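Participant: So that you have it, the file is model.cif, and it contains mmCIF, C-alpha atoms and all ligand atoms:
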data_structure
loop_
_atom_site.label_atom_id
_atom_site.label_comp_id
_atom_site.auth_asym_id
_atom_site.auth_seq_id
_atom_site.Cartn_x
_atom_site.Cartn_y
_atom_site.Cartn_z
CA MET A 8 -42.39 -17.42 -54.76
CA GLU A 9 -46.12 -16.69 -54.49
CA SER A 10 -47.11 -13.21 -55.66
CA LYS A 11 -48.79 -10.81 -53.27
CA VAL A 12 -52.55 -10.27 -53.29
CA VAL A 13 -53.43 -6.99 -55.02
CA LEU A 14 -56.67 -5.05 -54.54
CA VAL A 15 -57.32 -2.67 -57.42
CA TYR A 16 -59.68 0.30 -57.15
CA TRP A 17 -60.00 4.08 -57.47
CA GLY A 18 -57.79 6.15 -55.19
CA GLY A 19 -59.07 8.62 -52.60
CA LEU A 20 -62.26 6.87 -51.48
CA ARG A 21 -63.25 3.81 -49.48
CA GLY A 22 -66.08 2.96 -51.90
CA ALA A 23 -67.08 -0.62 -52.62
CA ALA A 24 -63.46 -1.74 -52.20
CA GLN A 25 -63.75 -1.09 -48.48
CA ILE A 26 -65.86 -4.20 -47.98
CA PRO A 27 -63.28 -6.75 -49.24
CA ARG A 28 -60.56 -4.51 -47.78
CA LEU A 29 -62.07 -5.06 -44.30
CA ALA A 30 -61.88 -8.83 -44.86
CA LEU A 31 -58.23 -8.61 -45.98
CA GLU A 32 -57.46 -6.57 -42.87
CA TYR A 33 -59.40 -8.85 -40.52
CA ALA A 34 -57.73 -11.93 -42.00
CA GLY A 35 -54.30 -10.31 -41.66
CA VAL A 36 -53.51 -10.79 -45.35
CA SER A 37 -50.48 -8.88 -46.56
CA TYR A 38 -51.79 -7.17 -49.69
CA ASP A 39 -50.85 -4.40 -52.08
CA GLN A 40 -53.23 -1.88 -53.55
CA SER A 41 -53.23 -0.38 -56.99
CA LEU A 42 -55.38 2.76 -56.90
CA TYR A 43 -56.26 4.64 -60.08
CA THR A 44 -56.37 8.42 -60.04
CA ASN A 45 -56.87 8.83 -63.77
CA ASP A 46 -60.05 7.60 -65.51
CA GLU A 47 -58.30 7.03 -68.82
CA ASP A 48 -55.67 4.77 -67.30
CA TRP A 49 -58.45 2.43 -66.24
CA PHE A 50 -61.09 2.81 -68.95
CA LYS A 51 -58.85 3.21 -72.01
CA ARG A 52 -55.56 1.57 -71.10
CA ASP A 53 -56.14 -1.29 -68.65
CA LYS A 54 -59.80 -2.31 -68.65
CA PRO A 55 -59.90 -3.37 -72.33
CA THR A 56 -56.83 -5.54 -72.07
CA LEU A 57 -57.27 -7.30 -68.73
CA PRO A 58 -57.66 -11.07 -69.06
CA MET A 59 -60.98 -11.03 -67.17
CA VAL A 60 -64.49 -11.76 -68.38
CA LEU A 61 -65.98 -9.02 -66.21
CA PRO A 62 -63.37 -6.31 -65.64
CA ASN A 63 -64.55 -3.74 -63.10
CA LEU A 64 -63.35 -1.88 -60.03
CA PRO A 65 -62.76 -3.14 -57.45
CA TYR A 66 -61.01 -6.26 -58.63
CA LEU A 67 -58.63 -8.60 -56.85
CA LYS A 68 -55.56 -10.33 -58.18
CA ASP A 69 -54.40 -13.39 -56.25
CA GLY A 70 -51.81 -15.35 -58.22
CA ASP A 71 -53.42 -16.14 -61.58
CA LEU A 72 -56.91 -15.42 -60.27
CA LEU A 73 -58.58 -12.15 -61.23
CA ILE A 74 -62.07 -11.42 -59.89
CA SER A 75 -64.36 -8.40 -59.75
CA GLU A 76 -67.65 -7.69 -57.86
CA HIS A 77 -66.99 -6.43 -54.35
CA ASP A 78 -69.18 -9.07 -52.71
CA ALA A 79 -67.57 -11.94 -54.66
CA ILE A 80 -64.15 -10.64 -53.58
CA LEU A 81 -65.31 -10.46 -49.95
CA ARG A 82 -66.53 -14.07 -50.04
CA TYR A 83 -63.35 -15.27 -51.75
CA VAL A 84 -61.04 -13.57 -49.25
CA ALA A 85 -63.02 -15.02 -46.35
CA ARG A 86 -63.13 -18.51 -47.79
CA LYS A 87 -59.43 -18.60 -48.61
CA TYR A 88 -57.87 -16.63 -45.76
CA LYS A 89 -60.31 -16.69 -42.79
CA PRO A 90 -63.01 -19.33 -43.33
CA GLU A 91 -64.86 -18.54 -40.07
CA LEU A 92 -65.82 -15.16 -41.58
CA SER A 93 -68.24 -17.12 -43.77
CA GLY A 94 -69.76 -18.86 -40.71
CA LYS A 95 -68.44 -21.73 -38.60
CA THR A 96 -71.36 -24.08 -39.31
CA ILE A 97 -73.60 -24.61 -42.32
CA GLU A 98 -76.42 -22.90 -40.40
CA ASP A 99 -74.24 -19.89 -39.55
CA PHE A 100 -73.07 -19.81 -43.17
CA ALA A 101 -76.70 -19.62 -44.31
CA LEU A 102 -77.42 -16.76 -41.90
CA VAL A 103 -74.28 -14.88 -42.91
CA GLU A 104 -75.33 -15.20 -46.56
CA ASN A 105 -78.85 -14.05 -45.67
CA TYR A 106 -77.49 -10.84 -44.12
CA LEU A 107 -74.93 -10.36 -46.89
CA CYS A 108 -77.54 -10.57 -49.65
CA PHE A 109 -79.73 -8.14 -47.75
CA TRP A 110 -76.95 -5.63 -47.04
CA THR A 111 -75.69 -5.80 -50.62
CA LYS A 112 -79.09 -4.66 -51.92
CA ILE A 113 -79.36 -1.89 -49.34
CA TYR A 114 -75.79 -0.82 -50.14
CA ILE A 115 -76.49 -0.42 -53.85
CA GLU A 116 -79.56 1.71 -53.06
CA ALA A 117 -77.69 3.78 -50.50
CA VAL A 118 -74.77 4.43 -52.85
CA ASN A 119 -77.14 5.35 -55.69
CA LEU A 120 -78.70 7.91 -53.37
CA CYS A 121 -75.28 9.28 -52.40
CA TYR A 122 -74.42 9.84 -56.06
CA THR A 123 -77.79 11.48 -56.89
CA PRO A 124 -77.28 15.23 -57.28
CA ASP A 125 -78.86 17.62 -54.75
CA VAL A 126 -80.48 15.08 -52.42
CA THR A 127 -83.03 16.78 -50.18
CA GLU A 128 -83.57 16.12 -46.46
CA GLU A 129 -86.96 14.65 -47.39
CA ARG A 130 -85.36 12.19 -49.82
CA ARG A 131 -82.85 11.09 -47.16
CA VAL A 132 -85.62 10.44 -44.63
CA GLU A 133 -87.68 8.63 -47.29
CA PHE A 134 -84.82 6.17 -47.87
CA PHE A 135 -85.04 5.02 -44.26
CA LYS A 136 -88.84 5.09 -44.19
CA LYS A 137 -88.88 2.60 -47.07
CA HIS A 138 -86.77 0.16 -45.05
CA GLU A 139 -88.10 1.03 -41.60
CA GLU A 140 -89.60 -2.36 -40.78
CA LYS A 141 -86.41 -4.17 -41.80
CA PHE A 142 -84.20 -1.87 -39.78
CA GLN A 143 -86.47 -2.35 -36.76
CA ARG A 144 -86.22 -6.13 -37.11
CA LEU A 145 -82.43 -6.02 -37.48
CA ASP A 146 -82.19 -3.77 -34.45
CA LYS A 147 -84.35 -6.14 -32.39
CA ALA A 148 -82.34 -9.19 -33.51
CA LEU A 149 -79.20 -7.51 -32.18
CA GLU A 150 -80.58 -6.97 -28.67
CA GLY A 151 -77.77 -7.96 -26.25
CA LYS A 152 -75.56 -9.17 -29.13
CA ASP A 153 -72.19 -8.03 -30.46
CA HIS A 154 -72.47 -9.80 -33.81
CA PHE A 155 -75.12 -10.63 -36.37
CA VAL A 156 -74.38 -14.35 -36.34
CA GLY A 157 -73.15 -16.39 -33.37
CA ASP A 158 -70.70 -14.70 -31.05
CA TYR A 159 -67.91 -14.11 -33.53
CA THR A 160 -67.08 -11.74 -36.41
CA THR A 161 -68.43 -12.71 -39.81
CA ASN A 162 -68.75 -11.15 -43.24
CA ALA A 163 -72.19 -9.92 -42.15
CA ASP A 164 -70.53 -7.71 -39.50
CA LEU A 165 -67.80 -6.51 -41.86
CA TYR A 166 -70.30 -5.56 -44.56
CA PHE A 167 -72.47 -3.85 -41.96
CA TYR A 168 -69.51 -1.87 -40.57
CA HIS A 169 -68.95 -0.18 -43.92
CA ILE A 170 -72.57 0.33 -44.83
CA ALA A 171 -73.32 1.80 -41.38
CA SER A 172 -70.85 4.62 -42.10
CA VAL A 173 -72.65 5.32 -45.38
CA LEU A 174 -76.08 5.18 -43.71
CA MET A 175 -74.96 7.58 -40.96
CA CYS A 176 -73.77 9.94 -43.65
CA ILE A 177 -77.21 9.82 -45.30
CA HIS A 178 -79.14 10.59 -42.11
CA LYS A 179 -77.40 10.26 -38.76
CA ASP A 180 -80.46 11.12 -36.65
CA THR A 181 -82.50 8.31 -38.19
CA VAL A 182 -79.73 5.73 -37.81
CA GLU A 183 -79.40 6.71 -34.15
CA LYS A 184 -82.96 5.53 -33.55
CA TYR A 185 -81.59 2.01 -34.02
CA GLN A 186 -79.50 1.85 -30.89
CA ASN A 187 -78.47 -1.81 -31.22
CA LEU A 188 -77.24 -1.24 -34.76
CA VAL A 189 -75.30 1.81 -33.59
CA ASN A 190 -73.87 -0.17 -30.65
CA LEU A 191 -72.72 -2.92 -33.02
CA PHE A 192 -71.00 -0.34 -35.23
CA TRP A 193 -69.11 1.14 -32.28
CA SER A 194 -68.28 -2.23 -30.77
CA LEU A 195 -66.78 -3.37 -34.12
CA ASP A 196 -64.99 -0.04 -34.38
CA LYS A 197 -63.13 -0.81 -31.13
CA HIS A 198 -61.72 -4.13 -32.38
CA GLU A 199 -57.94 -4.04 -32.29
CA TRP A 200 -57.52 -5.06 -35.95
CA LEU A 201 -59.84 -2.23 -37.02
CA GLN A 202 -58.12 0.31 -34.80
CA ASN A 203 -54.81 -0.75 -36.33
CA PHE A 204 -56.27 -0.47 -39.83
CA GLN A 205 -57.53 3.04 -39.04
CA LYS A 206 -54.09 4.07 -37.86
CA SER A 207 -52.38 2.60 -40.95
CA ASP A 208 -51.62 4.34 -44.25
CA ARG A 209 -54.15 1.99 -45.86
CA TRP A 210 -57.06 3.74 -44.14
CA ILE A 211 -58.90 6.20 -46.40
CA HIS A 212 -61.10 8.89 -44.86
CA GLN A 213 -63.48 9.68 -47.70
CA LEU A 214 -66.44 7.33 -48.13
CA ASN A 215 -67.59 8.20 -51.65
CA GLY A 216 -66.06 9.76 -54.75
CA ASP A 217 -65.73 13.54 -55.08
CA GLU A 218 -68.76 13.65 -57.38
CA ALA A 219 -71.12 12.20 -54.72
CA SER A 220 -73.55 14.69 -53.20
CA ILE A 221 -73.62 12.77 -49.91
CA ASN A 222 -70.15 12.33 -48.50
CA ASN A 223 -67.95 12.83 -45.47
CA LYS A 224 -65.48 15.15 -47.18
CA GLN A 225 -63.51 17.26 -44.74
N1 LIG B 1 -71.26 -4.58 -59.26
C1 LIG B 1 -69.91 -4.04 -59.13
C2 LIG B 1 -70.01 -2.55 -59.42
C3 LIG B 1 -68.68 -1.98 -59.62
C4 LIG B 1 -68.73 -0.52 -59.93
O1 LIG B 1 -69.78 0.07 -60.24
N2 LIG B 1 -67.56 0.07 -59.82
C5 LIG B 1 -67.42 1.47 -60.03
C6 LIG B 1 -66.75 2.08 -58.80
S1 LIG B 1 -67.57 1.64 -57.30
C7 LIG B 1 -66.54 1.73 -61.21
O2 LIG B 1 -66.13 2.87 -61.39
N3 LIG B 1 -66.24 0.73 -62.03
C8 LIG B 1 -65.35 0.90 -63.15
C9 LIG B 1 -65.94 0.38 -64.43
O3 LIG B 1 -67.17 0.50 -64.62
O4 LIG B 1 -65.17 -0.09 -65.25
C10 LIG B 1 -69.41 -4.30 -57.70
O5 LIG B 1 -70.26 -4.44 -56.81
O6 LIG B 1 -68.21 -4.39 -57.44
#
I'd like the structure from this file rewritten - as structure tokens, please.
Facilitator:
Amino acid sequence: MESKVVLVYWGGLRGAAQIPRLALEYAGVSYDQSLYTNDEDWFKRDKPTLPMVLPNLPYLKDGDLLISEHDAILRYVARKYKPELSGKTIEDFALVENYLCFWTKIYIEAVNLCYTPDVTEERRVEFFKKHEEKFQRLDKALEGKDHFVGDYTTNADLYFYHIASVLMCIHKDTVEKYQNLVNLFWSLDKHEWLQNFQKSDRWIHQLNGDEASINNKQ
């Protein structure tokens, strides 16, 4: 019997695991999660002994395969379980990758800002100012469209869906200037699979860890 896919991460936050998690959900993969609540269990007990070259969280276990890096996991899940998420043609694939590489860089910057202590309003606005031209171009490219690439859901949309929540948490008023980006977020949010995910016990409210200064803690 084939063993179940397991996504391993910290408990209590969506974090970087949310990105491959969205792909698992979209693809309808039946997966388990192993969520650490104790640092030592990961850093002292499990991390040193895992048979992986690059142990990190999140990581995915699928049979004998163990991989880390949230974006590598996203691509793997798509390729194995829902190939169209990577793009239906070689040209779409290239565009999906183009967006993914872009969003990954923005995501790392955005998360670093979220975990910086005492972030001022000025610093939040500055983050968007730095990327203003790119956000304007993305917004324009989405005019009259429900997806970044073609007319179907791809990894570019899934990645964007998570990062948009983080960006809105950094500075909602600025994000709302990009109406087409906001519309895409809300149109993805209405997808049945995503609504079902949100209603499930797999949905986690908190975006970042407790130590983040920018968060959506209730
Ligand atoms: N480049 C990795 C970064 C992973 C990372 O920084 N993970 C954080 C949580 S988001 C962590 O606590 N990793 C545990 C570790 O460093 O062992 C990725 O994108 O997945």
Participant: Which is closest to A:Ile170 among A:Phe155, A:Tyr66, A:Tyr114, A:Phe109, if we use all atoms listed in the file?
Facilitator: A:Tyr114
Participant: Name the residues in contact with A:Leu191 at a cut-off of 7 Å, using all atoms listed in the file, excluding same-chain residues fewer than 4 positions from it; report them as a list in words.
Facilitator: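 Returned residues: Asp153, His154, Asn187 and Leu195 of chain A.
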Participant: What's around A:Val173 at 8 Å? Count only C-alpha atoms, leave out sequence neighbours fewer than 5 positions away in its own chain, and write the answer as a list in words.
Facilitator: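 Here the answer would be Ala117, Val118 and Leu214 of chain A.
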Participant: Let me see the file: selected residues, C-alpha atoms, as a short mmCIF file (atom, residue, chain, number, x, y, z; two decimals), in the frame of the given file.
Facilitator:
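Saved the output as again08.cif:
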data_model
loop_
_atom_site.label_atom_id
_atom_site.label_comp_id
_atom_site.auth_asym_id
_atom_site.auth_seq_id
_atom_site.Cartn_x
_atom_site.Cartn_y
_atom_site.Cartn_z
CA ALA A 117 -77.69 3.78 -50.50
CA VAL A 118 -74.77 4.43 -52.85
CA LEU A 214 -66.44 7.33 -48.13
#
Participant: Let me have all residues with an atom within 7 Å of ligand LIG 1 (chain B), counting all atoms listed in the file, laid out as a list in words.
Facilitator: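 Here is the list of contacting residues: Gly22, Ala23, Phe50, Lys54, Pro62, Asn63, Leu64, Pro65, Ser75, Glu76, His77 and Asp78 of chain A.
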Participant: Considering all atoms listed in the file, return as a PyMOL selection string whatever protein or nucleic-acid residues lie within 9 Å of stretch 32-37 of chain A, sequence-local ones (same chain, fewer than 5 positions apart) excluded.
Facilitator: chain A and resi 11-12+27+84-85+88-89+92+165+200-201+204
Participant: Return the single residue from A:Cys108, A:Leu14, A:Ala30, A:Met175 that is closest to A:Leu42, with distances computed using only C-alpha atoms.
Facilitator: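 Smallest separation from A:Leu42 among the options: A:Leu14.
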Participant: Counting all atoms listed in the file, which of A:Val189, A:Ile80, A:Val103, A:Val13 gets nearest to A:Lys152?
Facilitator: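 Using all atoms listed in the file, the shortest distance to A:Lys152 belongs to A:Val189.
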Participant: Scan for residues within 10 Å of the point (-73.7, 18.2, -48.0) in the coordinates of the file, using all atoms listed in the file, and reply as a count of residues only.
Facilitator: 11
Participant: Hey, which of A:Asn162, A:Thr44, A:Thr181, A:Gln186 ends up closest to A:Arg131? Count only C-alpha atoms.
Facilitator: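 Distance minimum relative to A:Arg131 lands on A:Thr181.
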Participant: Write out as JSON an axis-aligned box for stretch 207-214 of chain A: all of its atoms listed in the file, 5 Å added on each side, centre and edge lengths in Å with one decimal.
Facilitator:
{"center_x": -59.0, "center_y": 5.8, "center_z": -44.5, "size_x": 24.8, "size_y": 17.7, "size_z": 17.2}
Participant: Between atom CA of A:Asp46 and atom CA of A:Tyr168, what is the distance, to one decimal in Å?
Facilitator: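 Those two atoms sit 28.3 Å apart.
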Participant: Nearest to A:Glu129 among A:Ser172, A:Trp110, A:His178, A:Glu47, with distances taken over all atoms listed in the file: which residue is it?
Facilitator: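 Of A:Ser172, A:Trp110, A:His178, A:Glu47, the one nearest A:Glu129 is A:His178, counting all atoms listed in the file.
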Participant: Could you please determine the separation between atom CA of A:Asp71 and atom CA of A:Ala24 in Å, to one decimal place?
Facilitator: 19.9 Å
Participant: Please measure the separation of atom CA of A:Asn190 and atom CA of A:Asp208, giving the value in Å to one decimal.
Facilitator: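 Atom CA of A:Asp208 lies 26.5 Å from atom CA of A:Asn190.
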Participant: Which residue out of A:Lys206, A:Ile74, A:Arg130, A:Leu29 has the minimum interatomic distance to A:Val60 when all atoms listed in the file are used?
Facilitator: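 Looking only at the distances to A:Val60, the closest residue turns out to be A:Ile74.
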Participant: Would you mind putting N, CA, C and O atoms back on stretch 72-91 of chain A and writing the result as an mmCIF file, in the frame of the given file?
Facilitator:
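Output (part.cif):
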data_model
loop_
_atom_site.group_PDB
_atom_site.id
_atom_site.type_symbol
_atom_site.label_atom_id
_atom_site.label_comp_id
_atom_site.auth_asym_id
_atom_site.auth_seq_id
_atom_site.Cartn_x
_atom_site.Cartn_y
_atom_site.Cartn_z
ATOM 1 N N LEU A 72 -55.472 -15.719 -60.368
ATOM 2 C CA LEU A 72 -56.910 -15.420 -60.270
ATOM 3 C C LEU A 72 -57.169 -13.922 -60.316
ATOM 4 O O LEU A 72 -56.547 -13.134 -59.601
ATOM 5 N N LEU A 73 -58.120 -13.547 -61.166
ATOM 6 C CA LEU A 73 -58.580 -12.150 -61.230
ATOM 7 C C LEU A 73 -60.092 -12.177 -61.063
ATOM 8 O O LEU A 73 -60.782 -12.831 -61.848
ATOM 9 N N ILE A 74 -60.602 -11.480 -60.024
ATOM 10 C CA ILE A 74 -62.070 -11.420 -59.890
ATOM 11 C C ILE A 74 -62.523 -10.009 -59.553
ATOM 12 O O ILE A 74 -61.857 -9.272 -58.820
ATOM 13 N N SER A 75 -63.727 -9.682 -60.074
ATOM 14 C CA SER A 75 -64.360 -8.400 -59.750
ATOM 15 C C SER A 75 -65.607 -8.699 -58.920
ATOM 16 O O SER A 75 -65.836 -9.846 -58.526
ATOM 17 N N GLU A 76 -66.426 -7.668 -58.697
ATOM 18 C CA GLU A 76 -67.650 -7.690 -57.860
ATOM 19 C C GLU A 76 -67.234 -7.711 -56.390
ATOM 20 O O GLU A 76 -66.722 -8.733 -55.889
ATOM 21 N N HIS A 77 -67.514 -6.594 -55.715
ATOM 22 C CA HIS A 77 -66.990 -6.430 -54.350
ATOM 23 C C HIS A 77 -67.441 -7.550 -53.414
ATOM 24 O O HIS A 77 -66.693 -7.982 -52.539
ATOM 25 N N ASP A 78 -68.678 -8.040 -53.623
ATOM 26 C CA ASP A 78 -69.180 -9.070 -52.710
ATOM 27 C C ASP A 78 -68.549 -10.438 -53.013
ATOM 28 O O ASP A 78 -68.287 -11.232 -52.100
ATOM 29 N N ALA A 79 -68.259 -10.688 -54.306
ATOM 30 C CA ALA A 79 -67.570 -11.940 -54.660
ATOM 31 C C ALA A 79 -66.148 -11.916 -54.078
ATOM 32 O O ALA A 79 -65.656 -12.937 -53.577
ATOM 33 N N ILE A 80 -65.523 -10.744 -54.122
ATOM 34 C CA ILE A 80 -64.150 -10.640 -53.580
ATOM 35 C C ILE A 80 -64.171 -10.877 -52.066
ATOM 36 O O ILE A 80 -63.334 -11.585 -51.516
ATOM 37 N N LEU A 81 -65.165 -10.268 -51.405
ATOM 38 C CA LEU A 81 -65.310 -10.460 -49.950
ATOM 39 C C LEU A 81 -65.414 -11.952 -49.615
ATOM 40 O O LEU A 81 -64.701 -12.480 -48.752
ATOM 41 N N ARG A 82 -66.312 -12.639 -50.325
ATOM 42 C CA ARG A 82 -66.530 -14.070 -50.040
ATOM 43 C C ARG A 82 -65.264 -14.881 -50.308
ATOM 44 O O ARG A 82 -64.921 -15.786 -49.566
ATOM 45 N N TYR A 83 -64.568 -14.538 -51.393
ATOM 46 C CA TYR A 83 -63.350 -15.270 -51.750
ATOM 47 C C TYR A 83 -62.277 -15.092 -50.669
ATOM 48 O O TYR A 83 -61.657 -16.065 -50.224
ATOM 49 N N VAL A 84 -62.075 -13.849 -50.259
ATOM 50 C CA VAL A 84 -61.040 -13.570 -49.250
ATOM 51 C C VAL A 84 -61.347 -14.346 -47.977
ATOM 52 O O VAL A 84 -60.475 -14.981 -47.382
ATOM 53 N N ALA A 85 -62.628 -14.315 -47.567
ATOM 54 C CA ALA A 85 -63.020 -15.020 -46.350
ATOM 55 C C ALA A 85 -62.745 -16.514 -46.507
ATOM 56 O O ALA A 85 -62.104 -17.147 -45.662
ATOM 57 N N ARG A 86 -63.226 -17.065 -47.599
ATOM 58 C CA ARG A 86 -63.130 -18.510 -47.790
ATOM 59 C C ARG A 86 -61.673 -18.978 -47.828
ATOM 60 O O ARG A 86 -61.312 -20.007 -47.282
ATOM 61 N N LYS A 87 -60.827 -18.177 -48.490
ATOM 62 C CA LYS A 87 -59.430 -18.600 -48.610
ATOM 63 C C LYS A 87 -58.607 -18.288 -47.363
ATOM 64 O O LYS A 87 -57.785 -19.098 -46.946
ATOM 65 N N TYR A 88 -58.807 -17.080 -46.790
ATOM 66 C CA TYR A 88 -57.870 -16.630 -45.760
ATOM 67 C C TYR A 88 -58.422 -16.655 -44.330
ATOM 68 O O TYR A 88 -57.657 -16.575 -43.382
ATOM 69 N N LYS A 89 -59.747 -16.693 -44.147
ATOM 70 C CA LYS A 89 -60.310 -16.690 -42.790
ATOM 71 C C LYS A 89 -61.691 -17.335 -42.865
ATOM 72 O O LYS A 89 -62.719 -16.646 -42.785
ATOM 73 N N PRO A 90 -61.735 -18.661 -43.037
ATOM 74 C CA PRO A 90 -63.010 -19.330 -43.330
ATOM 75 C C PRO A 90 -64.123 -19.028 -42.329
ATOM 76 O O PRO A 90 -65.291 -18.974 -42.706
ATOM 77 N N GLU A 91 -63.779 -18.773 -41.042
ATOM 78 C CA GLU A 91 -64.860 -18.540 -40.070
ATOM 79 C C GLU A 91 -65.652 -17.271 -40.390
ATOM 80 O O GLU A 91 -66.781 -17.115 -39.927
#
